[in-house]
Amino acid sequence: MSIVLKNISKSYGSIQVFNDFNLEITKNQITCILGASGVGKTTLLNILLGLVEVDSGQVLGLEGKKIVAVFQEDRLVESLSSIKNVQLACNNKVTRTKLIDEFNKVGLGGFEDRPVSELSGGMKRRVAILRAVLSESDVIVMDEPFKGLDVELKSKIIEYVKDKTRNKTVIIVTHSLAEVKELEANKVDLTFTKNNHSVIMNEY
């Protein structure tokens with residue numbers, strides 16, 4: 001079943017973010033959410049994650065689904081090693097050998113046992129991505145996951161995410177049309193007027 005946002009309204013005080021908003025997110029595909037700052041991209045993700053309550057409307061299709069997230073902040077345990085941060089979210093059947101192999105695939109070979117506090121921003125971002133894609137989940141939500149990565153590394157990580165999230169529903173906030181194209185994703189543009197809150201999903 002697709003994820004359906006039906007007649008969603010959400011305001012923060014006098015600021016109306018969504019008014020009778022409708023969206024269908026296709027199951028087991030990557031969907032990218034775009035739009036200018038302030039149109040509600042992060043609010044939309046937080047609604048899907050259950051972190052923000054809507055004023056009215058329904059979110060359908062998430063019943064019984066396990067959702068994991070990559071937030072704008074990495075939200076790692078700084079005092080723990082990189083591999084321990086990932087292990088915290090993984091099934092116990094995922095071996096250390098398997099995880100080391102995954103660290104190598106994203107260019108973090110040799111940093112598995114390094115405390116997160118000693119890693120660069122780009123390294124922390126990759127650890128956060130590993131933690132999300134290697135955990136047991138049905139839906140993965142990512143808020144600008146490739147921010148801070150250089151062009152070559154970004155392409156490598158995008159290919160990794162595509163490979164590891166096959167047959168999962170993935171929702172990614174981005175400002176980059178190039179990322180949408182590389183991800184071969186559906187595209188939702190939230191840049192709309194207050195009188196037009198229905199969004200049409202297009203394949204890029």
# chains A, B, ... in the order shown; residues from 1 in each chain; ligands from 1

$ select_by_dssp --residues "region 4-202 of chain A" --states "strand (DSSP E or B)" --output "ChimeraX atom specification"
/A:4-12,15-25,30-34,56-60,67-70,81,115,139-143,169-173,186-189,198,202

$ write_last_selection --atoms "N, CA and C atoms" --output "short mmCIF file (atom, residue, chain, number, x, y, z; two decimals), in the first residue's frame"
data_model
loop_
_atom_site.label_atom_id
_atom_site.label_comp_id
_atom_site.auth_asym_id
_atom_site.auth_seq_id
_atom_site.Cartn_x
_atom_site.Cartn_y
_atom_site.Cartn_z
N VAL A 4 -0.39 7.56 2.05
CA VAL A 4 -1.31 8.59 1.59
C VAL A 4 -1.50 9.65 2.68
N LEU A 5 -1.23 10.89 2.34
CA LEU A 5 -1.58 12.01 3.20
C LEU A 5 -2.86 12.61 2.65
N LYS A 6 -3.89 12.59 3.47
CA LYS A 6 -5.23 12.95 3.01
C LYS A 6 -5.75 14.16 3.78
N ASN A 7 -5.94 15.27 3.04
CA ASN A 7 -6.54 16.49 3.60
C ASN A 7 -5.82 16.95 4.87
N ILE A 8 -4.49 16.97 4.78
CA ILE A 8 -3.67 17.35 5.94
C ILE A 8 -3.63 18.87 6.09
N SER A 9 -3.87 19.33 7.31
CA SER A 9 -3.69 20.74 7.65
C SER A 9 -2.77 20.83 8.87
N LYS A 10 -1.84 21.79 8.83
CA LYS A 10 -0.92 21.99 9.94
C LYS A 10 -0.49 23.45 9.99
N SER A 11 -0.65 24.04 11.17
CA SER A 11 -0.22 25.43 11.38
C SER A 11 0.63 25.50 12.64
N TYR A 12 1.54 26.48 12.65
CA TYR A 12 2.28 26.83 13.85
C TYR A 12 1.87 28.24 14.21
N ILE A 15 1.10 30.80 11.40
CA ILE A 15 1.77 30.37 10.17
C ILE A 15 1.18 29.05 9.70
N GLN A 16 0.52 29.09 8.57
CA GLN A 16 -0.08 27.90 7.99
C GLN A 16 0.92 27.21 7.06
N VAL A 17 1.26 25.98 7.38
CA VAL A 17 2.20 25.22 6.56
C VAL A 17 1.47 24.38 5.52
N PHE A 18 0.45 23.64 5.96
CA PHE A 18 -0.35 22.84 5.04
C PHE A 18 -1.83 23.12 5.28
N ASN A 19 -2.58 23.18 4.20
CA ASN A 19 -4.02 23.38 4.29
C ASN A 19 -4.71 22.44 3.31
N ASP A 20 -5.37 21.42 3.86
CA ASP A 20 -6.08 20.44 3.02
C ASP A 20 -5.13 19.83 1.98
N PHE A 21 -3.99 19.40 2.45
CA PHE A 21 -2.89 18.93 1.62
C PHE A 21 -3.04 17.44 1.33
N ASN A 22 -2.83 17.04 0.07
CA ASN A 22 -2.96 15.64 -0.34
C ASN A 22 -1.71 15.18 -1.09
N LEU A 23 -1.28 13.97 -0.77
CA LEU A 23 -0.10 13.42 -1.43
C LEU A 23 -0.12 11.90 -1.33
N GLU A 24 0.25 11.24 -2.40
CA GLU A 24 0.42 9.79 -2.37
C GLU A 24 1.87 9.45 -2.69
N ILE A 25 2.50 8.69 -1.82
CA ILE A 25 3.90 8.30 -1.97
C ILE A 25 3.94 6.82 -2.34
N ILE A 30 11.89 5.31 -4.43
CA ILE A 30 12.47 6.50 -3.83
C ILE A 30 11.69 7.72 -4.29
N THR A 31 11.30 8.54 -3.34
CA THR A 31 10.60 9.78 -3.63
C THR A 31 11.39 10.94 -3.05
N CYS A 32 11.68 11.94 -3.87
CA CYS A 32 12.39 13.13 -3.40
C CYS A 32 11.42 14.28 -3.20
N ILE A 33 11.56 14.97 -2.07
CA ILE A 33 10.74 16.12 -1.74
C ILE A 33 11.58 17.38 -1.94
N LEU A 34 11.14 18.26 -2.81
CA LEU A 34 11.85 19.50 -3.09
C LEU A 34 10.97 20.69 -2.73
N SER A 56 -5.53 18.50 11.32
CA SER A 56 -6.62 17.71 10.77
C SER A 56 -6.11 16.90 9.59
N GLY A 57 -6.87 15.88 9.22
CA GLY A 57 -6.47 15.02 8.11
C GLY A 57 -5.95 13.68 8.60
N GLN A 58 -5.54 12.86 7.64
CA GLN A 58 -5.11 11.49 7.94
C GLN A 58 -3.82 11.15 7.22
N VAL A 59 -3.01 10.30 7.87
CA VAL A 59 -1.86 9.68 7.22
C VAL A 59 -2.13 8.18 7.19
N LEU A 60 -2.23 7.64 5.99
CA LEU A 60 -2.60 6.24 5.80
C LEU A 60 -1.44 5.46 5.19
N ILE A 67 9.71 2.60 10.65
CA ILE A 67 10.30 3.75 9.96
C ILE A 67 11.61 4.11 10.63
N VAL A 68 12.64 4.36 9.84
CA VAL A 68 13.91 4.87 10.37
C VAL A 68 14.23 6.18 9.65
N ALA A 69 15.14 6.95 10.23
CA ALA A 69 15.37 8.30 9.70
C ALA A 69 16.84 8.69 9.72
N VAL A 70 17.21 9.52 8.75
CA VAL A 70 18.43 10.32 8.79
C VAL A 70 17.97 11.76 8.90
N SER A 81 31.92 4.21 19.31
CA SER A 81 32.59 4.02 18.03
C SER A 81 31.57 4.08 16.89
N PRO A 115 35.99 6.65 17.73
CA PRO A 115 34.85 7.34 18.33
C PRO A 115 34.26 8.35 17.36
N VAL A 139 10.26 1.67 5.82
CA VAL A 139 10.28 3.03 5.28
C VAL A 139 11.50 3.76 5.83
N ILE A 140 12.23 4.44 4.94
CA ILE A 140 13.38 5.24 5.36
C ILE A 140 13.13 6.70 4.97
N VAL A 141 13.27 7.57 5.93
CA VAL A 141 13.06 9.00 5.71
C VAL A 141 14.41 9.70 5.91
N MET A 142 14.81 10.54 4.94
CA MET A 142 16.11 11.20 5.00
C MET A 142 15.96 12.69 4.71
N ASP A 143 16.52 13.51 5.59
CA ASP A 143 16.45 14.96 5.43
C ASP A 143 17.82 15.48 5.01
N THR A 169 10.42 1.72 0.80
CA THR A 169 9.91 3.06 0.51
C THR A 169 10.87 4.06 1.12
N VAL A 170 11.44 4.93 0.28
CA VAL A 170 12.43 5.89 0.74
C VAL A 170 11.96 7.30 0.38
N ILE A 171 12.00 8.19 1.35
CA ILE A 171 11.55 9.57 1.16
C ILE A 171 12.72 10.48 1.53
N ILE A 172 13.18 11.27 0.57
CA ILE A 172 14.39 12.08 0.74
C ILE A 172 14.09 13.54 0.46
N VAL A 173 14.40 14.40 1.43
CA VAL A 173 14.34 15.84 1.19
C VAL A 173 15.66 16.28 0.58
N ASN A 186 11.11 9.45 -7.90
CA ASN A 186 9.94 10.28 -8.09
C ASN A 186 10.21 11.64 -7.47
N LYS A 187 9.52 12.65 -7.97
CA LYS A 187 9.78 14.02 -7.52
C LYS A 187 8.49 14.67 -7.06
N VAL A 188 8.54 15.28 -5.88
CA VAL A 188 7.41 16.06 -5.37
C VAL A 188 7.93 17.45 -5.05
N ASP A 189 7.38 18.47 -5.69
CA ASP A 189 7.79 19.85 -5.45
C ASP A 189 6.76 20.52 -4.54
N SER A 198 -2.56 20.72 -3.31
CA SER A 198 -2.52 19.37 -3.86
C SER A 198 -1.25 19.23 -4.69
N ASN A 202 5.63 13.45 -9.92
CA ASN A 202 6.14 13.16 -11.27
C ASN A 202 7.39 12.35 -11.18
#

$ residues_around --residues "Gly122 (chain A)" --least-positions-apart "3" --cutoff "12 Å" --atoms "only C-alpha atoms" --output "mmCIF file with C-alpha atoms, in the first residue's frame"
data_model
loop_
_atom_site.group_PDB
_atom_site.id
_atom_site.type_symbol
_atom_site.label_atom_id
_atom_site.label_comp_id
_atom_site.auth_asym_id
_atom_site.auth_seq_id
_atom_site.Cartn_x
_atom_site.Cartn_y
_atom_site.Cartn_z
ATOM 1 C CA GLU A 73 21.587 16.506 12.389
ATOM 2 C CA ASP A 74 23.458 13.201 12.505
ATOM 3 C CA VAL A 106 31.193 4.009 1.804
ATOM 4 C CA GLY A 107 34.867 4.889 2.204
ATOM 5 C CA LEU A 108 35.033 4.453 5.973
ATOM 6 C CA VAL A 116 32.295 9.375 16.405
ATOM 7 C CA GLU A 118 36.837 12.149 16.219
ATOM 8 C CA LEU A 119 35.208 11.965 12.785
ATOM 9 C CA ARG A 125 27.000 11.748 7.762
ATOM 10 C CA ARG A 126 28.003 8.441 6.226
ATOM 11 C CA VAL A 127 27.745 6.683 9.587
ATOM 12 C CA ALA A 128 24.214 8.085 9.978
ATOM 13 C CA ILE A 129 23.322 6.816 6.490
ATOM 14 C CA PRO A 145 21.347 13.090 3.695
ATOM 15 C CA PHE A 146 24.069 13.980 1.174
ATOM 16 C CA LYS A 147 24.699 17.495 2.448
ATOM 17 C CA GLY A 148 28.398 18.243 2.934
ATOM 18 C CA LEU A 149 29.676 15.462 0.674
ATOM 19 C CA ASP A 150 31.850 16.363 -2.313
ATOM 20 C CA LEU A 153 31.749 10.955 -2.847
ATOM 21 C CA LYS A 154 28.098 11.992 -3.117
ATOM 22 C CA ILE A 157 26.913 7.233 -1.569
#

$ atom_distance --atom1 "CA of Leu44 (chain A)" --atom2 "CA of Met1 (chain A)"
18.9 Å

$ closest_residue --among "A:His175, A:Lys93, A:Lys27, A:Arg131" --to "Val77 (chain A)" --atoms "only C-alpha atoms"
A:Arg131
